[in-house]
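Peer 1: If it helps, the file is called query_1.cif and holds mmCIF, C-alpha atoms, pLDDT in the B column; chains and numbers go by the auth columns:
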```
data_target
loop_
_atom_site.group_PDB
_atom_site.id
_atom_site.type_symbol
_atom_site.label_atom_id
_atom_site.label_comp_id
_atom_site.label_asym_id
_atom_site.label_seq_id
_atom_site.Cartn_x
_atom_site.Cartn_y
_atom_site.Cartn_z
_atom_site.B_iso_or_equiv
_atom_site.auth_seq_id
_atom_site.auth_asym_id
ATOM 1 C CA MET A 1 -8.824 -18.703 21.672 66.00 1 A
ATOM 2 C CA ALA A 2 -8.742 -20.838 24.778 70.00 2 A
ATOM 3 C CA ILE A 3 -11.284 -18.734 26.663 74.00 3 A
ATOM 4 C CA LEU A 4 -13.865 -19.432 23.958 78.00 4 A
ATOM 5 C CA GLN A 5 -13.526 -23.130 24.794 82.00 5 A
ATOM 6 C CA SER A 6 -14.468 -22.697 28.425 90.00 6 A
ATOM 7 C CA HIS A 7 -17.964 -24.037 29.056 89.00 7 A
ATOM 8 C CA LEU A 8 -18.416 -21.761 32.058 91.00 8 A
ATOM 9 C CA PHE A 9 -17.374 -18.663 30.128 93.00 9 A
ATOM 10 C CA LEU A 10 -19.691 -19.506 27.238 94.00 10 A
ATOM 11 C CA LEU A 11 -22.525 -20.169 29.669 94.00 11 A
ATOM 12 C CA VAL A 12 -21.962 -16.764 31.290 95.00 12 A
ATOM 13 C CA LEU A 13 -21.822 -15.092 27.868 96.00 13 A
ATOM 14 C CA PHE A 14 -25.021 -16.814 26.715 96.00 14 A
ATOM 15 C CA ALA A 15 -26.828 -15.906 29.948 97.00 15 A
ATOM 16 C CA PHE A 16 -25.673 -12.304 29.574 97.00 16 A
ATOM 17 C CA PHE A 17 -27.035 -11.891 26.041 97.00 17 A
ATOM 18 C CA VAL A 18 -30.354 -13.574 26.754 97.00 18 A
ATOM 19 C CA SER A 19 -30.894 -11.623 30.000 97.00 19 A
ATOM 20 C CA LEU A 20 -29.975 -8.370 28.292 97.00 20 A
ATOM 21 C CA VAL A 21 -32.431 -8.781 25.422 97.00 21 A
ATOM 22 C CA PHE A 22 -35.261 -10.083 27.619 97.00 22 A
ATOM 23 C CA ALA A 23 -34.834 -7.259 30.139 97.00 23 A
ATOM 24 C CA VAL A 24 -34.764 -4.588 27.442 97.00 24 A
ATOM 25 C CA ILE A 25 -37.881 -6.040 25.813 96.00 25 A
ATOM 26 C CA ALA A 26 -39.814 -6.480 29.049 95.00 26 A
ATOM 27 C CA ARG A 27 -39.114 -3.170 30.804 95.00 27 A
ATOM 28 C CA GLU A 28 -39.124 0.457 29.678 92.00 28 A
ATOM 29 C CA ASP A 29 -37.203 2.129 32.471 93.00 29 A
ATOM 30 C CA ALA A 30 -33.394 1.680 32.560 93.00 30 A
ATOM 31 C CA ARG A 31 -33.396 1.019 36.285 96.00 31 A
ATOM 32 C CA GLU A 32 -36.086 -1.654 35.941 96.00 32 A
ATOM 33 C CA GLN A 33 -34.225 -3.204 33.011 96.00 33 A
ATOM 34 C CA LEU A 34 -31.061 -3.434 35.089 97.00 34 A
ATOM 35 C CA LYS A 35 -32.968 -5.010 37.968 97.00 35 A
ATOM 36 C CA LEU A 36 -34.758 -7.614 35.838 97.00 36 A
ATOM 37 C CA GLY A 37 -31.672 -8.323 33.725 97.00 37 A
ATOM 38 C CA GLY A 38 -29.500 -8.816 36.808 97.00 38 A
ATOM 39 C CA LEU A 39 -32.069 -11.088 38.399 98.00 39 A
ATOM 40 C CA MET A 40 -32.420 -13.147 35.237 97.00 40 A
ATOM 41 C CA PHE A 41 -28.665 -13.385 34.765 97.00 41 A
ATOM 42 C CA ALA A 42 -28.185 -14.520 38.365 98.00 42 A
ATOM 43 C CA GLY A 43 -31.035 -17.013 37.924 97.00 43 A
ATOM 44 C CA PHE A 44 -29.428 -18.492 34.812 96.00 44 A
ATOM 45 C CA LEU A 45 -26.068 -18.914 36.538 96.00 45 A
ATOM 46 C CA ALA A 46 -27.496 -20.242 39.799 97.00 46 A
ATOM 47 C CA SER A 47 -29.746 -22.785 38.064 96.00 47 A
ATOM 48 C CA ALA A 48 -26.887 -23.932 35.801 94.00 48 A
ATOM 49 C CA ILE A 49 -24.584 -24.480 38.770 93.00 49 A
ATOM 50 C CA VAL A 50 -27.251 -26.234 40.848 95.00 50 A
ATOM 51 C CA LEU A 51 -28.258 -28.471 37.920 94.00 51 A
ATOM 52 C CA SER A 52 -24.654 -29.342 37.139 92.00 52 A
ATOM 53 C CA TRP A 53 -24.066 -30.415 40.737 93.00 53 A
ATOM 54 C CA LEU A 54 -27.287 -32.451 40.698 94.00 54 A
ATOM 55 C CA MET A 55 -26.055 -34.226 37.554 93.00 55 A
ATOM 56 C CA TYR A 56 -22.591 -34.787 38.998 90.00 56 A
ATOM 57 C CA PRO A 57 -23.217 -38.374 40.267 90.00 57 A
ATOM 58 C CA PHE A 58 -24.569 -39.537 36.876 87.00 58 A
ATOM 59 C CA PRO A 59 -23.992 -41.953 35.294 84.00 59 A
ATOM 60 C CA LEU A 60 -24.111 -43.884 38.560 71.00 60 A
ATOM 61 C CA MET B 1 -66.539 -2.665 6.012 55.00 1 B
ATOM 62 C CA ARG B 2 -64.101 -1.374 3.385 60.00 2 B
ATOM 63 C CA ALA B 3 -60.645 -0.278 4.395 61.00 3 B
ATOM 64 C CA THR B 4 -59.945 3.392 3.832 72.00 4 B
ATOM 65 C CA ALA B 5 -56.782 4.688 2.106 69.00 5 B
ATOM 66 C CA ALA B 6 -55.451 5.798 5.506 66.00 6 B
ATOM 67 C CA ASP B 7 -55.931 2.280 6.907 74.00 7 B
ATOM 68 C CA GLU B 8 -54.120 0.763 3.959 73.00 8 B
ATOM 69 C CA THR B 9 -51.240 3.227 4.322 71.00 9 B
ATOM 70 C CA GLN B 10 -51.025 2.369 8.010 84.00 10 B
ATOM 71 C CA THR B 11 -51.044 -1.361 7.269 86.00 11 B
ATOM 72 C CA GLY B 12 -48.334 -0.871 4.631 89.00 12 B
ATOM 73 C CA ALA B 13 -46.180 1.123 7.043 91.00 13 B
ATOM 74 C CA LEU B 14 -46.691 -1.531 9.706 92.00 14 B
ATOM 75 C CA ALA B 15 -45.639 -4.294 7.308 95.00 15 B
ATOM 76 C CA LEU B 16 -42.568 -2.290 6.324 95.00 16 B
ATOM 77 C CA LEU B 17 -41.728 -1.753 9.984 95.00 17 B
ATOM 78 C CA VAL B 18 -41.957 -5.503 10.688 96.00 18 B
ATOM 79 C CA VAL B 19 -39.769 -6.351 7.680 97.00 19 B
ATOM 80 C CA ALA B 20 -37.195 -3.689 8.612 96.00 20 B
ATOM 81 C CA SER B 21 -37.214 -4.865 12.211 96.00 21 B
ATOM 82 C CA TRP B 22 -36.577 -8.442 11.098 97.00 22 B
ATOM 83 C CA ALA B 23 -33.922 -7.534 8.502 97.00 23 B
ATOM 84 C CA ILE B 24 -31.879 -5.303 10.799 97.00 24 B
ATOM 85 C CA PRO B 25 -32.217 -6.138 14.506 97.00 25 B
ATOM 86 C CA GLY B 26 -33.376 -3.045 16.381 96.00 26 B
ATOM 87 C CA ALA B 27 -34.319 -1.087 13.236 96.00 27 B
ATOM 88 C CA GLY B 28 -38.006 -1.158 14.184 96.00 28 B
ATOM 89 C CA HIS B 29 -37.335 0.370 17.586 96.00 29 B
ATOM 90 C CA LEU B 30 -35.021 2.987 16.102 97.00 30 B
ATOM 91 C CA TRP B 31 -37.751 3.830 13.573 95.00 31 B
ATOM 92 C CA LEU B 32 -40.272 4.248 16.401 95.00 32 B
ATOM 93 C CA GLY B 33 -37.935 6.532 18.309 95.00 33 B
ATOM 94 C CA ARG B 34 -36.927 3.985 20.952 95.00 34 B
ATOM 95 C CA ARG B 35 -33.274 4.750 20.391 95.00 35 B
ATOM 96 C CA ASN B 36 -31.747 3.067 23.433 95.00 36 B
ATOM 97 C CA LYS B 37 -33.646 -0.175 22.942 96.00 37 B
ATOM 98 C CA GLY B 38 -32.880 -0.176 19.220 96.00 38 B
ATOM 99 C CA LEU B 39 -29.170 0.315 19.799 97.00 39 B
ATOM 100 C CA VAL B 40 -29.017 -2.519 22.342 97.00 40 B
ATOM 101 C CA PHE B 41 -30.680 -4.906 19.864 97.00 41 B
ATOM 102 C CA LEU B 42 -28.581 -3.621 16.965 97.00 42 B
ATOM 103 C CA ILE B 43 -25.375 -4.429 18.817 97.00 43 B
ATOM 104 C CA ALA B 44 -26.317 -7.456 20.935 97.00 44 B
ATOM 105 C CA LEU B 45 -28.075 -9.673 18.398 97.00 45 B
ATOM 106 C CA PRO B 46 -25.595 -9.514 15.490 96.00 46 B
ATOM 107 C CA LEU B 47 -22.784 -9.884 18.049 96.00 47 B
ATOM 108 C CA MET B 48 -24.416 -12.990 19.482 97.00 48 B
ATOM 109 C CA PHE B 49 -24.872 -14.355 15.964 97.00 49 B
ATOM 110 C CA ALA B 50 -21.228 -13.591 15.079 95.00 50 B
ATOM 111 C CA LEU B 51 -20.109 -15.354 18.255 95.00 51 B
ATOM 112 C CA GLY B 52 -22.123 -18.385 17.182 96.00 52 B
ATOM 113 C CA LEU B 53 -20.254 -18.413 13.887 95.00 53 B
ATOM 114 C CA ALA B 54 -16.901 -17.926 15.667 94.00 54 B
ATOM 115 C CA LEU B 55 -17.766 -20.919 17.854 94.00 55 B
ATOM 116 C CA ARG B 56 -18.081 -22.960 14.643 94.00 56 B
ATOM 117 C CA GLY B 57 -21.821 -23.302 14.801 95.00 57 B
ATOM 118 C CA ARG B 58 -23.780 -24.309 11.735 95.00 58 B
ATOM 119 C CA LEU B 59 -26.337 -22.397 9.723 96.00 59 B
ATOM 120 C CA PHE B 60 -28.777 -25.239 9.193 94.00 60 B
ATOM 121 C CA PRO B 61 -30.212 -25.893 5.729 91.00 61 B
ATOM 122 C CA PHE B 62 -33.939 -26.067 5.005 90.00 62 B
ATOM 123 C CA ASP B 63 -34.071 -29.846 4.927 86.00 63 B
ATOM 124 C CA LEU B 64 -37.750 -30.791 4.904 87.00 64 B
ATOM 125 C CA SER B 65 -36.946 -34.459 5.480 90.00 65 B
ATOM 126 C CA ASP B 66 -35.609 -33.572 8.927 91.00 66 B
ATOM 127 C CA PRO B 67 -38.118 -31.437 10.857 92.00 67 B
ATOM 128 C CA LEU B 68 -35.702 -30.488 13.645 93.00 68 B
ATOM 129 C CA VAL B 69 -33.076 -29.271 11.175 94.00 69 B
ATOM 130 C CA CYS B 70 -35.789 -27.327 9.369 94.00 70 B
ATOM 131 C CA LEU B 71 -36.899 -25.680 12.619 95.00 71 B
ATOM 132 C CA ALA B 72 -33.296 -24.786 13.445 96.00 72 B
ATOM 133 C CA ALA B 73 -32.952 -23.252 9.964 95.00 73 B
ATOM 134 C CA LEU B 74 -36.080 -21.173 10.574 95.00 74 B
ATOM 135 C CA ALA B 75 -34.684 -19.985 13.901 96.00 75 B
ATOM 136 C CA ASP B 76 -31.345 -19.084 12.258 96.00 76 B
ATOM 137 C CA LEU B 77 -33.213 -17.096 9.622 96.00 77 B
ATOM 138 C CA GLY B 78 -34.870 -15.056 12.369 96.00 78 B
ATOM 139 C CA VAL B 79 -31.800 -12.855 12.658 96.00 79 B
ATOM 140 C CA GLY B 80 -32.523 -11.268 9.279 95.00 80 B
ATOM 141 C CA LEU B 81 -29.995 -9.931 6.784 95.00 81 B
ATOM 142 C CA THR B 82 -27.077 -11.009 8.956 93.00 82 B
ATOM 143 C CA TYR B 83 -27.999 -14.595 8.092 94.00 83 B
ATOM 144 C CA PHE B 84 -27.766 -13.949 4.343 94.00 84 B
ATOM 145 C CA ILE B 85 -24.533 -11.966 4.674 95.00 85 B
ATOM 146 C CA ALA B 86 -22.942 -14.718 6.760 95.00 86 B
ATOM 147 C CA SER B 87 -24.012 -17.525 4.444 92.00 87 B
ATOM 148 C CA GLY B 88 -23.071 -15.435 1.389 93.00 88 B
ATOM 149 C CA LEU B 89 -19.574 -14.998 2.774 94.00 89 B
ATOM 150 C CA GLY B 90 -19.292 -18.732 3.333 93.00 90 B
ATOM 151 C CA PHE B 91 -19.620 -18.730 7.118 94.00 91 B
ATOM 152 C CA GLY B 92 -21.764 -21.144 9.078 91.00 92 B
ATOM 153 C CA GLY B 93 -20.494 -24.391 7.617 91.00 93 B
ATOM 154 C CA GLY B 94 -20.233 -25.766 11.140 90.00 94 B
ATOM 155 C CA ASP B 95 -17.551 -28.055 12.489 90.00 95 B
ATOM 156 C CA VAL B 96 -19.091 -30.943 14.367 92.00 96 B
ATOM 157 C CA ARG B 97 -15.658 -31.921 15.723 93.00 97 B
ATOM 158 C CA ALA B 98 -15.208 -28.562 17.452 92.00 98 B
ATOM 159 C CA VAL B 99 -15.703 -28.552 21.231 92.00 99 B
ATOM 160 C CA THR B 100 -17.800 -25.420 20.879 93.00 100 B
ATOM 161 C CA TYR B 101 -20.041 -26.686 18.050 95.00 101 B
ATOM 162 C CA GLU B 102 -23.175 -27.084 20.194 94.00 102 B
ATOM 163 C CA TYR B 103 -22.594 -23.754 21.893 94.00 103 B
ATOM 164 C CA GLY B 104 -22.216 -22.151 18.473 96.00 104 B
ATOM 165 C CA ASN B 105 -25.542 -23.598 17.384 96.00 105 B
ATOM 166 C CA ALA B 106 -27.194 -22.391 20.591 97.00 106 B
ATOM 167 C CA PHE B 107 -25.889 -18.860 20.019 97.00 107 B
ATOM 168 C CA LEU B 108 -27.011 -18.834 16.362 97.00 108 B
ATOM 169 C CA ILE B 109 -30.469 -20.254 17.011 97.00 109 B
ATOM 170 C CA VAL B 110 -31.187 -18.147 20.083 98.00 110 B
ATOM 171 C CA ALA B 111 -29.995 -14.934 18.359 97.00 111 B
ATOM 172 C CA GLY B 112 -32.570 -15.612 15.627 97.00 112 B
ATOM 173 C CA LEU B 113 -35.350 -16.400 18.085 98.00 113 B
ATOM 174 C CA LEU B 114 -34.598 -13.334 20.187 98.00 114 B
ATOM 175 C CA ASN B 115 -34.823 -11.183 17.064 97.00 115 B
ATOM 176 C CA VAL B 116 -38.279 -12.629 16.402 97.00 116 B
ATOM 177 C CA LEU B 117 -39.285 -11.465 19.904 97.00 117 B
ATOM 178 C CA VAL B 118 -37.805 -8.052 19.114 97.00 118 B
ATOM 179 C CA VAL B 119 -39.920 -7.878 15.931 97.00 119 B
ATOM 180 C CA ILE B 120 -43.061 -8.732 17.922 97.00 120 B
ATOM 181 C CA ASP B 121 -42.144 -6.076 20.490 97.00 121 B
ATOM 182 C CA ALA B 122 -41.692 -3.449 17.749 96.00 122 B
ATOM 183 C CA TYR B 123 -45.090 -4.446 16.341 96.00 123 B
ATOM 184 C CA ASP B 124 -46.707 -4.025 19.765 95.00 124 B
ATOM 185 C CA VAL B 125 -45.068 -0.625 20.235 94.00 125 B
ATOM 186 C CA ALA B 126 -46.274 0.489 16.791 94.00 126 B
ATOM 187 C CA LEU B 127 -49.834 -0.522 17.675 92.00 127 B
ATOM 188 C CA GLY B 128 -49.638 1.392 20.946 90.00 128 B
ATOM 189 C CA ARG B 129 -49.940 -1.696 23.102 88.00 129 B
ATOM 190 C CA LYS B 130 -46.753 -0.802 24.978 79.00 130 B
#
```
Let's see the structure in the file written out as structure tokens.

Peer 2:
Amino acid sequence: MAILQSHLFLLVLFAFFVSLVFAVIAREDAREQLKLGGLMFAGFLASAIVLSWLMYPFPL
Amino acid sequence: MRATAADETQTGALALLVVASWAIPGAGHLWLGRRNKGLVFLIALPLMFALGLALRGRLFPFDLSDPLVCLAALADLGVGLTYFIASGLGFGGGDVRAVTYEYGNAFLIVAGLLNVLVVIDAYDVALGRK
């Protein structure tokens, strides 16, 4: 499947699973879990995109 | 101080809970009545592991001559019975030529490590720390 070869898609999928499990472990209330999970998921994606742009000029 | 029979029973039940929680992701939480949490782990972790296999990741062997491979094998094993079922069925050979090979390994290893965290969480819940 072509979609399973997309780095971005796999990154999103990985971030989703990790955020989900961490949020469910760390919080008891469903609302809190959603909040923490969403924040973590957004953090994963934002840091991946920022880091990839920072690495863009390399190798110089 | 000598342990009483009740203490020993409690320790035995706790050990069983930890083993069950490791063998089947989420089983510990289901046992403790945390149904929603248990179901999330029961679905998410084996699914993540299966995705790792579909991405042609490798189930690393216990090669003591290579510490990093050995650590990866330990992490893979963290997912419990799913690991043995997958390797018994011949999955997890890994295809280093596949574009998704490294992603597959990341999914497999992290699924195992997350299950270890889930086991620790179940242990904490059983002890009343959470």

Peer 1: In Å, how far is it from CA of Gly88 (chain B) to CA of Ala44 (chain B)?

Peer 2: 21.4 Å

Peer 1: Would you kindly translate the PyMOL selection byres ((chain B and resi 120) around 12) into the concrete residues it picks from this file, as a VMD selection string?

Peer 2: (chain A and resid 25 to 26) or (chain B and resid 14 to 15 17 to 19 21 to 22 25 to 26 28 to 29 78 113 to 119 121 to 127 129 to 130)

Peer 1: To test your reading of the syntax: which residues would the PyMOL selection byres ((chain A and resi 9-19) around 9) return for the file shown? Reply as a ChimeraX atom specification.

Peer 2: /A:3-8,20-24,36-42,44-45,48 /B:44-45,48,100,103,106-107,110-111,114

Peer 1: Residues within 12 Å of Ala72 (chain B), please, as a count of residues only. Count all atoms listed in the file; anything in the same chain fewer than 4 positions from it doesn't count.

Peer 2: 23

Peer 1: With distances taken over all atoms listed in the file, which of B:Gly90, B:Gly52, B:Gly80, B:Gly128 is nearest to chain A?

Peer 2: B:Gly52
